Amino acid sequence: MTHTTRLIGLDWATKADRVGVVTACFDGQHVVIESARALSELARTRGQTDAHGIECASALNALAHSSGDVDATLLCVDAPLGWPDAFRALVGDHDAGDGVPTSFDFDALFRRATDDAVATLTGQRPLEVSANFIGRTAGSVLAMMEHLRQGDADAWPTLQECGSGHFAQGLIEVYPGALLTCLNTPSRGYKKNKKTRRALLDELMLVYDLELGVGVTHGAVIANDHILDALMCVCAGLDFLAGRVHSPPEDLDIQGEGWIWVRPPHTDKEDHG
């Protein structure tokens, strides 16, 4: 029996015009890109509208439940979904001016286990969610998820294991920069150069055997780097569904911090799909 999953790639930011949104359907054999646009366009809002606002969340909710014969929906988000365990433990009871143990591991305060794993795999270290502006991005996407869940705490769970067929709807964290490194794909300058984005899109379409659906053009996908990054979020979701991702160690509880799902580096391009 065919199992069809709708993937929604979100290259998240705090403002709607900087959020790329790409949707695709995967039936186990074919991947069809259904739409590619900015969240501000999707929600018909001003560009600087807060991305976690009710208009944007409503637009994403409608997209997730749009017509089509699908068995599951997977949200693939380029934004941290959790903070380091040590950071959460420290700030929970900390008052201004209180000390911290002199032996405190400050790397553990700012870096999640998955950040260390991605750095080991790719040489790229994700931004530290408890130290950088990326914390605002994390808060924004989690506020959007609260809208999306509409009071149902069990809706849109953060998935703890890869593979398809074990969820009806789910949420995962992905990282386009790590994906490109693991694919060994030349990408330098793509954020500012449309020609480079076009070449990168051609490569991704070949590697993941992507098809453009009715009304979706190459130009729409490479209109800006946010939309192309959203497509890479979809590609990372395909890796997740296929189980070709680096999974957390069995003894690591990722419920608190979360986990970035990325495929290990490949040297044989024939094995990319």
# chains A, B, ... in the order shown; residues from 1 in each chain; ligands from 1
>>> residues_around(residues="range 149-157 of chain A", least_positions_apart="3", cutoff="7 Å", atoms="only C-alpha atoms", output="list in words")
Met145, Glu146, Gln169, Gly170 and Leu171 of chain A
>>> closest_atom_pairs(of="range 169-198 of chain A", to="range 78-95 of chain A", cutoff="7 Å", atoms="only C-alpha atoms", output="Markdown table")
| residue | atom | partner | partner_atom | distance |
| --- | --- | --- | --- | --- |
| A:Glu173 | CA | A:Asp78 | CA | 6.0 |
| A:Val174 | CA | A:Asp78 | CA | 5.1 |
| A:Tyr175 | CA | A:Asp78 | CA | 5.4 |
>>> residues_around(residues="Thr217 in chain A", least_positions_apart="3", cutoff="12 Å", atoms="only C-alpha atoms", output="list of chain:residue names")
A:Ile33, A:Glu34, A:Ser35, A:Ala36, A:Arg37, A:Arg198, A:Leu201, A:Glu211, A:Leu212, A:Gly213, A:Val214, A:Ala220, A:Val221, A:Ile222, A:Ala223
>>> write_last_selection(atoms="C-alpha atoms", output="short mmCIF file (atom, residue, chain, number, x, y, z; two decimals), in the first residue's frame")
data_model
loop_
_atom_site.label_atom_id
_atom_site.label_comp_id
_atom_site.auth_asym_id
_atom_site.auth_seq_id
_atom_site.Cartn_x
_atom_site.Cartn_y
_atom_site.Cartn_z
CA ILE A 33 7.16 20.12 -5.25
CA GLU A 34 3.69 21.63 -4.74
CA SER A 35 4.49 25.22 -3.81
CA ALA A 36 7.38 27.58 -3.08
CA ARG A 37 6.89 31.04 -1.64
CA ARG A 198 19.93 27.83 -10.03
CA LEU A 201 18.62 23.71 -7.43
CA GLU A 211 9.75 17.08 -9.81
CA LEU A 212 8.17 20.52 -10.06
CA GLY A 213 4.40 20.42 -9.75
CA VAL A 214 1.83 22.38 -11.72
CA ALA A 220 9.93 30.64 -7.86
CA VAL A 221 12.23 28.22 -6.03
CA ILE A 222 15.33 30.36 -6.53
CA ALA A 223 13.59 33.74 -6.09
#
>>> atom_distance(atom1="CA of Lys15 in chain A", atom2="CA of Gln160 in chain A")
28.3 Å
>>> residues_around(residues="range 243-251 of chain A", least_positions_apart="3", cutoff="6 Å", atoms="only C-alpha atoms", output="ChimeraX atom specification")
/A:162-163,239-240,262-264
>>> write_last_selection(atoms="N, CA, C and O atoms", output="PDB file, in the first residue's frame")
ATOM      1  N   CYS A 162      13.704   8.459  13.353  1.00  0.00           N
ATOM      2  CA  CYS A 162      13.507   8.685  11.932  1.00  0.00           C
ATOM      3  C   CYS A 162      12.709   7.546  11.309  1.00  0.00           C
ATOM      4  O   CYS A 162      12.457   6.519  11.926  1.00  0.00           O
ATOM      5  N   GLY A 163      12.296   7.763  10.062  1.00  0.00           N
ATOM      6  CA  GLY A 163      11.528   6.761   9.329  1.00  0.00           C
ATOM      7  C   GLY A 163      10.113   7.228   9.076  1.00  0.00           C
ATOM      8  O   GLY A 163       9.622   8.169   9.709  1.00  0.00           O
ATOM      9  N   ASP A 239      15.433  12.698   3.679  1.00  0.00           N
ATOM     10  CA  ASP A 239      16.461  11.863   4.314  1.00  0.00           C
ATOM     11  C   ASP A 239      15.935  11.253   5.607  1.00  0.00           C
ATOM     12  O   ASP A 239      16.182  10.073   5.910  1.00  0.00           O
ATOM     13  N   PHE A 240      15.202  12.047   6.378  1.00  0.00           N
ATOM     14  CA  PHE A 240      14.615  11.574   7.632  1.00  0.00           C
ATOM     15  C   PHE A 240      13.645  10.425   7.373  1.00  0.00           C
ATOM     16  O   PHE A 240      13.694   9.390   8.053  1.00  0.00           O
ATOM     17  N   VAL A 262      20.319  15.182  10.093  1.00  0.00           N
ATOM     18  CA  VAL A 262      21.105  15.428   8.891  1.00  0.00           C
ATOM     19  C   VAL A 262      21.773  14.130   8.463  1.00  0.00           C
ATOM     20  O   VAL A 262      22.160  13.309   9.308  1.00  0.00           O
ATOM     21  N   ARG A 263      21.875  13.920   7.169  1.00  0.00           N
ATOM     22  CA  ARG A 263      22.520  12.713   6.668  1.00  0.00           C
ATOM     23  C   ARG A 263      24.029  12.816   6.878  1.00  0.00           C
ATOM     24  O   ARG A 263      24.603  13.917   6.821  1.00  0.00           O
ATOM     25  N   PRO A 264      24.709  11.685   7.108  1.00  0.00           N
ATOM     26  CA  PRO A 264      26.168  11.719   7.225  1.00  0.00           C
ATOM     27  C   PRO A 264      26.797  12.113   5.892  1.00  0.00           C
ATOM     28  O   PRO A 264      26.178  11.977   4.836  1.00  0.00           O
TER      29      PRO A 264
END
>>> closest_residue(among="A:Leu180, A:Ala242, A:Val22, A:Ala168", to="Leu63 in chain A", atoms="only C-alpha atoms")
A:Val22
>>> atom_distance(atom1="CA of Val21 in chain A", atom2="CA of Ala230 in chain A")
5.6 Å
>>> residues_around(residues="Met232 in chain A", least_positions_apart="4", cutoff="10 Å", atoms="only C-alpha atoms", output="list in words")
Gly9, Leu10, Asp11, Val22, Cys76, Asp78, Val174, Tyr175, Pro176, Gly177, Leu179, Leu180, Leu201, Leu204, His226, Ile227, Leu228, Ala236, Gly237 and Leu238 of chain A
>>> residues_around(residues="range 113-127 of chain A", least_positions_apart="3", cutoff="7 Å", atoms="only C-alpha atoms", output="ChimeraX atom specification")
/A:132,134,178,181-182,259-260,264
>>> atom_distance(atom1="CA of Ala64 in chain A", atom2="CA of Gly47 in chain A")
21.5 Å
